Each structure stands twice: as structure tokens, then as C-alpha cells.
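Note sheet for the following structure.
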Amino acid sequence: MARRLRIRHVTRVAYARPAASSHNEVRMTPLTLPGQTTLDARVTVTPATAVWSYWDYWGTQVTGFDLLEPHEDLTITASSLVETSAPGPLPEPPGWAEVAERSGGSRLLEFVTGTSRTTVPKKLVKKAREAAAGLGPHEATVAVSGMVADRVAYLPGATSVNTSPAEAWAQRAGVCQDITHLTIALLRGLGLPARYVSGYLHPEREAELHRPVAGQSHAWIEYWAGDWCGYDPTNRVRADESHVVVARGRDYDDVTPHKGIYRGVPGGEPEVTVEFTRVA
């Protein structure tokens, strides 16, 4: 069943002392894809300034802006209206030999090669291969994702943005970013192309119409099995009409919602709020 979601994503940055200037880019605009249509989207900034947008290498819409006058704080508000629908049947998967052949001769290679955020010890890759032994790509993804979710409990605040997959595995706790990075690293260890997805997950599947619900940004994976297929390892489900895709890349560094530099004294932490309203 199709649903329409209104999403309001607000990032507030209060500097320790006024910033002389700042330069920013944000990835907060949902994509239009099969099963997902962005009906309206805008990014506004306070203090008011001109904004521009472009598409990055990974196919994400990026909004950029500069503040060249001193400012004590910064507020970025991304508002969107998105219609989503349930995913169709999974594609008939190729065999592992075909996956390897396709991965070596196309842009899929970028999603089967490890990065600094998706590197894990060989012993963990060995565990993943044992969990996936005899399985096809779809079943292997579920098995490896389950192995990660069984080991790493979802615990907000347990890690930082710079926590490595190996550290999250060792401490047995993390957030969706850690679980996603771990799952991607292990699937790539099997030779299966996998990419990081940044977006939103409505926290209440059967939410009342027109009632705002507090939520947050979310991360999950897409793996290639004849086509790209979404899977949410944190919640152990296929990505569905409750998931809204904003950006996709090799890891978090390719999809960071807000990147910026400013001229001023160090200090000040961003405050982020996300609000969902189901309107249809």
C-alpha cells in the first residue's frame, strides 16, 4: 500500500563563539526512485543565504551554501513530502560466479572493494563465509545480517561517528551506522557488492494520519543480486514503504547528511531533530 510521508529534518549548530564564516553542504533531499517519489522538497537556512544544488558522483542531490558574515548559530531545515510503496518481488539472483564476473568488470567493483570504514579482521570474514555457506545471495544477506544483529545490540549512544566495525563487534553494541558498516564489510568479504544507504525510517508503521511522530535518520544496506535490493540489518527486514532513501555510497563518508567547515573557535555540538507525519 502506498503512503505519503511528510518529513522535517532540522539541524541546529550553536557555536562556542560567533563564527566568522562557514561553508556547508547537506544531503537531506529524498531521491525519486522506483517505489519512491519525492513530491516536494526544500532546504532552508537561517541566517538566510543563497543555496544551490548539484548531483554528486553517487547520484545524491547535494545542497550547498556559504555564510560569509559572522553568525552565532546555524539552522538547516530540510522539508520533504514523499510517496512510497511496498517493494516488488526479489529478482532471480545470479550464481556466485556471475556475481564475481559482473563485479570485476563494472562499477560494481566500487561496492565490493573495502574502504577504511568497511574493513574487518579476516576472522570475521571467515565467520560470515561459514554463515553463508551453501546459500544464494538473498539468503546469504539475511544470514550475515542476522549474524551481525545477534552480536551487536542496537544501543543509541554506544558509539561515535568514528567507531570502526571491528570496535562495534568487540563491544557488542552500536547504532544503525555500525551495524550497516559491519554488514557491508562482511558481504563484500563474500564477494557480494553492497552499498550504504542513508535516509529515514518512519518509527510507527501504523501511525495515525496527520499526527507528528519524532524519529531520526537511519542507515541500511543495498546488495546486488541481479539488481539492487534493500535490506535493513538493524531491524532484520527488507527495506519497504517505511524507508525513505536520501543517499547511497560506499560508506557513511559518501552520504554524510551535513558537512561543513567554519572559521572560529572550536566548540559547539549540532542538535538534530527529525519529525514524520503520515498524511496518506
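Residue numbers start at 1 in each chain; chains themselves are named A, B, ... in the order of the C-alpha cells; ligands are numbered from 1 in the order shown.
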
- prompt: What are the DSSP strand (DSSP E or B) residues of range 58-268 of chain A, as a PyMOL selection string?
  reply: chain A and resi 61-67+71-84+153-154+173-174+194-201+213-215+217-224+228-232+237-238+243-249+258-263

Generate a file of the selected residues that holds C-alpha atoms, formatted as a short mmCIF file (atom, residue, chain, number, x, y, z; two decimals), in the first residue's frame.
```cif
data_model
loop_
_atom_site.label_atom_id
_atom_site.label_comp_id
_atom_site.auth_asym_id
_atom_site.auth_seq_id
_atom_site.Cartn_x
_atom_site.Cartn_y
_atom_site.Cartn_z
CA GLN A 61 21.25 15.60 -4.53
CA VAL A 62 23.52 17.92 -2.57
CA THR A 63 22.57 21.39 -1.32
CA GLY A 64 25.44 23.81 -0.77
CA PHE A 65 25.63 27.24 0.84
CA ASP A 66 28.11 29.70 2.33
CA LEU A 67 27.69 32.16 5.20
CA HIS A 71 26.91 34.30 12.87
CA GLU A 72 26.31 32.86 16.32
CA ASP A 73 24.37 29.82 15.17
CA LEU A 74 23.14 27.97 12.10
CA THR A 75 19.82 26.24 11.46
CA ILE A 76 19.25 23.97 8.46
CA THR A 77 15.68 22.82 7.81
CA ALA A 78 15.01 20.15 5.18
CA SER A 79 11.32 19.57 4.47
CA SER A 80 10.01 16.94 2.08
CA LEU A 81 6.85 15.13 1.03
CA VAL A 82 7.47 11.60 -0.23
CA GLU A 83 5.19 8.89 -1.55
CA THR A 84 6.43 5.34 -1.04
CA ALA A 153 22.89 -4.85 20.07
CA TYR A 154 21.32 -1.62 18.90
CA ALA A 173 26.80 -2.66 20.88
CA GLY A 174 26.36 0.09 18.34
CA ALA A 194 26.93 -3.88 -1.09
CA ARG A 195 26.38 -0.18 -0.54
CA TYR A 196 25.47 2.12 2.34
CA VAL A 197 22.05 3.79 2.29
CA SER A 198 21.26 6.89 4.30
CA GLY A 199 17.69 8.05 4.78
CA TYR A 200 14.73 7.88 7.11
CA LEU A 201 12.64 5.17 8.72
CA VAL A 213 5.97 11.47 15.29
CA ALA A 214 9.55 12.05 16.47
CA GLY A 215 12.14 9.95 14.66
CA SER A 217 17.87 9.44 10.38
CA HIS A 218 18.52 5.80 9.59
CA ALA A 219 21.02 3.64 7.70
CA TRP A 220 20.63 0.30 5.94
CA ILE A 221 22.16 -1.59 3.00
CA GLU A 222 21.53 -2.40 -0.62
CA TYR A 223 23.17 -5.50 -2.07
CA TRP A 224 23.44 -6.51 -5.71
CA TRP A 228 19.98 -3.62 -6.14
CA CYS A 229 17.92 -4.93 -3.20
CA GLY A 230 17.36 -3.06 0.06
CA TYR A 231 17.72 -4.74 3.45
CA ASP A 232 17.67 -3.24 6.94
CA VAL A 237 13.62 -6.68 7.42
CA ARG A 238 13.60 -5.79 3.75
CA HIS A 243 12.07 3.51 4.46
CA VAL A 244 12.89 6.73 2.58
CA VAL A 245 16.16 6.79 0.61
CA VAL A 246 18.19 10.01 0.61
CA ALA A 247 21.71 8.95 -0.36
CA ARG A 248 23.75 5.89 -1.32
CA GLY A 249 27.51 5.32 -1.42
CA HIS A 258 25.78 17.63 6.88
CA LYS A 259 29.39 18.50 6.17
CA GLY A 260 30.85 21.90 6.86
CA ILE A 261 33.81 23.96 7.94
CA TYR A 262 33.77 27.27 9.76
CA ARG A 263 36.23 29.95 10.78
#
```

Excluding same-chain residues fewer than 2 positions from range 267-273 of chain A, what lies within 6 Å of it counting only C-alpha atoms, as a compact mmCIF listing (two decimals) with C-alpha atoms, in the first residue's frame?
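Result file is out.txt:
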```
# COMPACT_ATOMS: atom_id res chain seq x y z
CA HIS A 9 14.76 17.35 9.41
CA VAL A 10 16.25 20.22 11.45
CA THR A 11 19.94 20.64 12.30
CA ARG A 12 20.95 23.42 14.69
CA VAL A 13 24.56 24.36 15.32
CA ALA A 14 25.38 26.75 18.18
CA TYR A 15 28.99 27.91 18.06
CA ALA A 16 31.04 28.49 21.20
```

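With CA of Ala131 in chain A on one side and CA of Val144 in chain A on the other, the separation reads 6.4 Å.
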
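Counting only C-alpha atoms, the residue from A:Val120, A:Ala143, A:Leu39, A:Met28 that sits nearest to Pro233 in chain A is A:Ala143.
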
task: Pick out the closest residue to Pro94 in chain A from this set: A:Pro34, A:Gly136, A:Pro212, A:Pro203. Count only C-alpha atoms.
output: A:Gly136

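Close contacts of Arg151 in chain A, defined as residues with an atom at most 7 Å away when counting only C-alpha atoms, with chain neighbours fewer than 4 positions off set aside, comprise Met147, Trp169 and Arg172 of chain A.
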
message: According to DSSP computed on the backbone, where in range 48-268 of chain A is there helix (DSSP H, G or I)? Give the residues as a ChimeraX atom specification.
response: /A:96-104,107-111,122-132,137-151,165-171,176-190,252-254

- request: Do a neighbour search on Ala132 in chain A at 9 Å with only C-alpha atoms, toss out local chain neighbours closer than 3 positions, and write the hits as a PyMOL selection string.
  value: chain A and resi 127-129+135-137+139-144+190

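Using only C-alpha atoms for every distance, the candidate list A:Arg278, A:Arg3, A:His181, A:Arg250 yields A:Arg250 as the residue closest to Leu108 in chain A.
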
message: Please list as a ChimeraX atom specification every residue within 8 Å of Asp178 in chain A, counting only C-alpha atoms and excluding residues in the same chain fewer than 5 positions away.
response: /A:163-165,168

message: as a PyMOL selection string, please: the residues near Ala97 in chain A (cut-off 12 Å, only C-alpha atoms, same-chain neighbours under 4 positions excluded).
response: chain A and resi 93+101-104+136-137+190-192+225

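Our summary of the geometry notes that CA of Asp253 in chain A is positioned 29.5 Å from CA of Gly88 in chain A.
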